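**Q** Structure file query_16.txt (compact mmCIF, N, CA and C atoms) is given on the next line.
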```
# COMPACT_ATOMS: atom_id res chain seq x y z
N MET A 1 109.19 94.72 99.12
CA MET A 1 107.97 94.30 98.49
C MET A 1 108.23 93.36 97.33
N SER A 2 109.44 92.88 97.20
CA SER A 2 109.73 91.96 96.11
C SER A 2 109.19 90.58 96.43
N GLY A 3 108.99 89.81 95.38
CA GLY A 3 108.52 88.45 95.56
C GLY A 3 107.01 88.31 95.63
N ILE A 4 106.30 89.39 95.46
CA ILE A 4 104.84 89.32 95.49
C ILE A 4 104.36 88.62 94.23
N GLN A 5 103.47 87.66 94.39
CA GLN A 5 102.93 86.94 93.25
C GLN A 5 101.43 87.20 93.17
N LEU A 6 101.07 88.16 92.36
CA LEU A 6 99.68 88.55 92.19
C LEU A 6 99.06 87.72 91.08
N SER A 7 97.84 87.25 91.30
CA SER A 7 97.16 86.48 90.27
C SER A 7 95.66 86.74 90.36
N SER A 8 94.97 86.45 89.29
CA SER A 8 93.50 86.57 89.29
C SER A 8 92.89 85.66 90.34
N GLU A 9 93.48 84.49 90.53
CA GLU A 9 92.98 83.55 91.53
C GLU A 9 93.09 84.13 92.94
N LEU A 10 94.22 84.74 93.26
CA LEU A 10 94.39 85.35 94.58
C LEU A 10 93.36 86.45 94.80
N VAL A 11 93.21 87.32 93.81
CA VAL A 11 92.25 88.43 93.92
C VAL A 11 90.84 87.88 94.10
N SER A 12 90.49 86.85 93.34
CA SER A 12 89.16 86.24 93.44
C SER A 12 88.91 85.66 94.83
N LYS A 13 89.91 84.98 95.38
CA LYS A 13 89.76 84.40 96.71
C LYS A 13 89.63 85.47 97.79
N LEU A 14 90.41 86.54 97.67
CA LEU A 14 90.29 87.65 98.62
C LEU A 14 88.89 88.26 98.54
N LYS A 15 88.41 88.44 97.31
CA LYS A 15 87.07 89.00 97.12
C LYS A 15 86.02 88.09 97.74
N ASP A 16 86.17 86.78 97.56
CA ASP A 16 85.21 85.83 98.14
C ASP A 16 85.14 85.97 99.66
N VAL A 17 86.30 86.14 100.30
CA VAL A 17 86.34 86.28 101.76
C VAL A 17 85.62 87.55 102.19
N VAL A 18 85.89 88.65 101.51
CA VAL A 18 85.26 89.92 101.89
C VAL A 18 83.76 89.87 101.61
N VAL A 19 83.36 89.31 100.48
CA VAL A 19 81.94 89.22 100.14
C VAL A 19 81.20 88.31 101.13
N ALA A 20 81.86 87.29 101.65
CA ALA A 20 81.24 86.43 102.66
C ALA A 20 80.97 87.25 103.94
N HIS A 21 81.81 88.24 104.19
CA HIS A 21 81.63 89.12 105.35
C HIS A 21 80.56 90.18 105.07
N ASP A 22 80.57 90.72 103.84
CA ASP A 22 79.62 91.77 103.44
C ASP A 22 79.26 91.56 101.97
N PRO A 23 78.07 91.03 101.70
CA PRO A 23 77.66 90.76 100.32
C PRO A 23 77.73 91.99 99.41
N ASP A 24 77.58 93.18 99.96
CA ASP A 24 77.66 94.39 99.13
C ASP A 24 79.06 94.62 98.58
N ALA A 25 80.05 93.96 99.15
CA ALA A 25 81.44 94.11 98.69
C ALA A 25 81.66 93.42 97.35
N ASP A 26 80.60 92.86 96.77
CA ASP A 26 80.70 92.33 95.41
C ASP A 26 80.96 93.47 94.44
N ASN A 27 80.64 94.69 94.86
CA ASN A 27 80.95 95.90 94.11
C ASN A 27 82.45 96.20 94.31
N ASP A 28 83.20 96.23 93.23
CA ASP A 28 84.66 96.39 93.33
C ASP A 28 85.08 97.67 94.04
N MET A 29 84.30 98.74 93.92
CA MET A 29 84.66 99.99 94.60
C MET A 29 84.59 99.80 96.12
N LEU A 30 83.55 99.12 96.59
CA LEU A 30 83.45 98.86 98.03
C LEU A 30 84.51 97.86 98.46
N LEU A 31 84.78 96.87 97.62
CA LEU A 31 85.83 95.90 97.92
C LEU A 31 87.17 96.61 98.13
N MET A 32 87.50 97.57 97.26
CA MET A 32 88.75 98.30 97.41
C MET A 32 88.79 99.09 98.72
N GLN A 33 87.64 99.61 99.15
CA GLN A 33 87.59 100.32 100.44
C GLN A 33 87.88 99.35 101.57
N TYR A 34 87.34 98.15 101.50
CA TYR A 34 87.62 97.14 102.53
C TYR A 34 89.12 96.81 102.56
N LEU A 35 89.70 96.59 101.38
CA LEU A 35 91.12 96.24 101.34
C LEU A 35 91.99 97.37 101.88
N SER A 36 91.62 98.61 101.58
CA SER A 36 92.35 99.75 102.13
C SER A 36 92.18 99.83 103.64
N ALA A 37 90.96 99.58 104.12
CA ALA A 37 90.71 99.62 105.56
C ALA A 37 91.50 98.52 106.28
N VAL A 38 91.59 97.36 105.68
CA VAL A 38 92.38 96.27 106.27
C VAL A 38 93.85 96.69 106.35
N THR A 39 94.37 97.32 105.30
CA THR A 39 95.75 97.80 105.32
C THR A 39 95.93 98.82 106.44
N GLY A 40 95.00 99.74 106.58
CA GLY A 40 95.07 100.72 107.67
C GLY A 40 95.02 100.06 109.04
N TYR A 41 94.18 99.07 109.17
CA TYR A 41 94.05 98.34 110.44
C TYR A 41 95.37 97.65 110.79
N LEU A 42 95.95 96.98 109.79
CA LEU A 42 97.23 96.31 110.03
C LEU A 42 98.33 97.32 110.36
N MET A 43 98.33 98.44 109.65
CA MET A 43 99.35 99.47 109.89
C MET A 43 99.23 100.03 111.31
N ALA A 44 98.02 100.22 111.77
CA ALA A 44 97.82 100.77 113.11
C ALA A 44 98.40 99.86 114.19
N HIS A 45 98.48 98.59 113.93
CA HIS A 45 98.99 97.62 114.91
C HIS A 45 100.51 97.40 114.82
N GLN A 46 101.16 98.07 113.88
CA GLN A 46 102.62 97.92 113.74
C GLN A 46 103.32 98.77 114.78
N ASP A 47 104.33 98.19 115.42
CA ASP A 47 105.05 98.94 116.45
C ASP A 47 106.57 98.83 116.32
N GLN A 48 107.05 98.62 115.09
CA GLN A 48 108.48 98.54 114.87
C GLN A 48 109.11 99.91 115.15
N PRO A 49 110.18 99.92 115.91
CA PRO A 49 110.87 101.19 116.18
C PRO A 49 111.34 101.84 114.88
N GLY A 50 111.13 103.11 114.76
CA GLY A 50 111.60 103.86 113.60
C GLY A 50 110.71 103.76 112.37
N LEU A 51 109.62 103.02 112.45
CA LEU A 51 108.73 102.89 111.29
C LEU A 51 107.95 104.19 111.13
N ASP A 52 108.11 104.81 109.99
CA ASP A 52 107.34 106.01 109.65
C ASP A 52 106.10 105.54 108.91
N LYS A 53 105.01 105.42 109.64
CA LYS A 53 103.79 104.85 109.05
C LYS A 53 103.28 105.66 107.87
N GLN A 54 103.31 106.97 107.96
CA GLN A 54 102.81 107.80 106.86
C GLN A 54 103.68 107.63 105.61
N GLU A 55 104.98 107.52 105.79
CA GLU A 55 105.87 107.31 104.65
C GLU A 55 105.61 105.93 104.02
N PHE A 56 105.40 104.93 104.86
CA PHE A 56 105.12 103.59 104.34
C PHE A 56 103.79 103.58 103.59
N ILE A 57 102.80 104.28 104.10
CA ILE A 57 101.50 104.38 103.41
C ILE A 57 101.69 105.05 102.05
N SER A 58 102.52 106.09 102.00
CA SER A 58 102.81 106.75 100.72
C SER A 58 103.51 105.78 99.76
N ASP A 59 104.45 104.99 100.29
CA ASP A 59 105.12 103.99 99.46
C ASP A 59 104.12 102.98 98.92
N LEU A 60 103.18 102.55 99.75
CA LEU A 60 102.17 101.60 99.30
C LEU A 60 101.30 102.20 98.20
N ALA A 61 100.96 103.48 98.34
CA ALA A 61 100.15 104.14 97.32
C ALA A 61 100.90 104.18 95.99
N GLY A 62 102.20 104.48 96.05
CA GLY A 62 103.01 104.48 94.83
C GLY A 62 103.10 103.10 94.22
N PHE A 63 103.25 102.09 95.06
CA PHE A 63 103.31 100.71 94.59
C PHE A 63 102.00 100.32 93.93
N MET A 64 100.89 100.73 94.52
CA MET A 64 99.58 100.44 93.95
C MET A 64 99.47 101.07 92.56
N GLY A 65 99.96 102.29 92.41
CA GLY A 65 99.94 102.94 91.10
C GLY A 65 100.75 102.18 90.08
N GLN A 66 101.91 101.65 90.50
CA GLN A 66 102.74 100.86 89.58
C GLN A 66 102.01 99.59 89.14
N VAL A 67 101.30 98.96 90.07
CA VAL A 67 100.55 97.75 89.75
C VAL A 67 99.45 98.08 88.74
N VAL A 68 98.74 99.19 88.96
CA VAL A 68 97.68 99.60 88.03
C VAL A 68 98.26 99.76 86.62
N LYS A 69 99.37 100.47 86.50
CA LYS A 69 99.98 100.68 85.18
C LYS A 69 100.39 99.37 84.53
N GLN A 70 101.01 98.49 85.31
CA GLN A 70 101.47 97.21 84.76
C GLN A 70 100.30 96.34 84.30
N VAL A 71 99.26 96.25 85.11
CA VAL A 71 98.11 95.41 84.77
C VAL A 71 97.39 95.99 83.55
N GLU A 72 97.27 97.32 83.49
CA GLU A 72 96.64 97.93 82.31
C GLU A 72 97.45 97.65 81.06
N ARG A 73 98.79 97.71 81.16
CA ARG A 73 99.65 97.36 80.01
C ARG A 73 99.45 95.91 79.61
N ASP A 74 99.39 95.04 80.62
CA ASP A 74 99.23 93.61 80.34
C ASP A 74 97.88 93.30 79.69
N MET A 75 96.88 94.13 79.96
CA MET A 75 95.55 93.91 79.40
C MET A 75 95.42 94.43 77.97
N GLN A 76 96.36 95.27 77.53
CA GLN A 76 96.31 95.80 76.17
C GLN A 76 96.53 94.68 75.17
N PRO A 77 95.71 94.62 74.15
CA PRO A 77 95.95 93.59 73.13
C PRO A 77 97.27 93.90 72.41
N SER A 78 98.01 92.87 72.15
CA SER A 78 99.28 93.09 71.45
C SER A 78 99.00 93.36 69.98
N ALA A 79 99.79 94.24 69.42
CA ALA A 79 99.61 94.60 68.02
C ALA A 79 100.03 93.43 67.14
N PRO A 80 99.29 93.19 66.08
CA PRO A 80 99.68 92.10 65.18
C PRO A 80 101.01 92.42 64.49
N ALA A 81 101.73 91.39 64.13
CA ALA A 81 103.00 91.57 63.43
C ALA A 81 102.74 92.27 62.11
N GLU A 82 103.59 93.22 61.78
CA GLU A 82 103.39 93.99 60.56
C GLU A 82 104.47 93.73 59.52
N ASP A 83 105.13 92.58 59.62
CA ASP A 83 106.21 92.32 58.69
C ASP A 83 105.73 91.65 57.40
N ALA A 84 104.45 91.32 57.30
CA ALA A 84 103.93 90.70 56.09
C ALA A 84 102.60 91.36 55.72
N PHE A 85 102.33 91.44 54.43
CA PHE A 85 101.07 92.02 54.01
C PHE A 85 100.72 91.49 52.63
N GLY A 86 99.48 91.70 52.24
CA GLY A 86 99.05 91.28 50.91
C GLY A 86 98.52 89.86 50.88
N ILE A 87 98.26 89.39 49.71
CA ILE A 87 97.72 88.04 49.50
C ILE A 87 98.73 87.25 48.69
N TRP A 88 99.06 86.09 49.16
CA TRP A 88 100.01 85.24 48.44
C TRP A 88 99.25 84.37 47.46
N LYS A 89 99.72 84.32 46.24
CA LYS A 89 99.10 83.49 45.20
C LYS A 89 100.19 82.61 44.61
N PRO A 90 99.97 81.32 44.55
CA PRO A 90 100.98 80.46 43.95
C PRO A 90 101.09 80.74 42.44
N GLU A 91 102.26 80.55 41.92
CA GLU A 91 102.47 80.78 40.48
C GLU A 91 102.12 79.58 39.65
```
Give the structure from the file, written as structure tokens.
**A**
Amino acid sequence: MSGIQLSSELVSKLKDVVVAHDPDADNDMLLMQYLSAVTGYLMAHQDQPGLDKQEFISDLAGFMGQVVKQVERDMQPSAPAEDAFGIWKPE
């Protein structure tokens, strides 16, 4: 799963495609259901020998959790620098 380049633009374009199919998918909760259903649909069509589909689905769920944590961290405002304080007055 390395090399994935996630961006707001990609997410927006994916949402546009799903909303064009179902206008109600403008609701992010329904949009996430569509994206999960698409993943399930794609998984059902995989026929690689030895592929444990349930294990891969669990791996994807863990990966999704990691993305949530990273994006939430990235959205946190950074704390201002605390190495200076007070008011400077020229002498």
**Q** To one decimal place, how far is atom N of Val19 of chain A from atom CA of Leu31 of chain A in Å?
**A**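 Taking atom N of Val19 of chain A and atom CA of Leu31 of chain A, their separation equals 7.5 Å.
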**Q** Rounded to one decimal, what separation in Å do you get between atom CA of Lys15 of chain A and atom CA of His45 of chain A?
**A** 23.1 Å
**Q** I'd like the interatomic distance between atom N of Leu10 of chain A and atom N of Gln48 of chain A, to a tenth of an Å.
**A**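 We find that atom N of Leu10 of chain A and atom N of Gln48 of chain A lie 28.9 Å from each other.
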**Q** Go through A:Gly50, A:Leu35, A:Leu6, A:Glu55 one by one, measure the shortest atom-to-atom distance of each to Val18 of chain A using only C-alpha atoms, and give the residue with the smallest value.
**A** A:Leu35
**Q** Using DSSP on the backbone, list every residue of segment 1-63 of chain A that comes out as alpha helix (DSSP H), and give them as number ranges by chain.
**A** A: 8-21, 28-44, 53-63
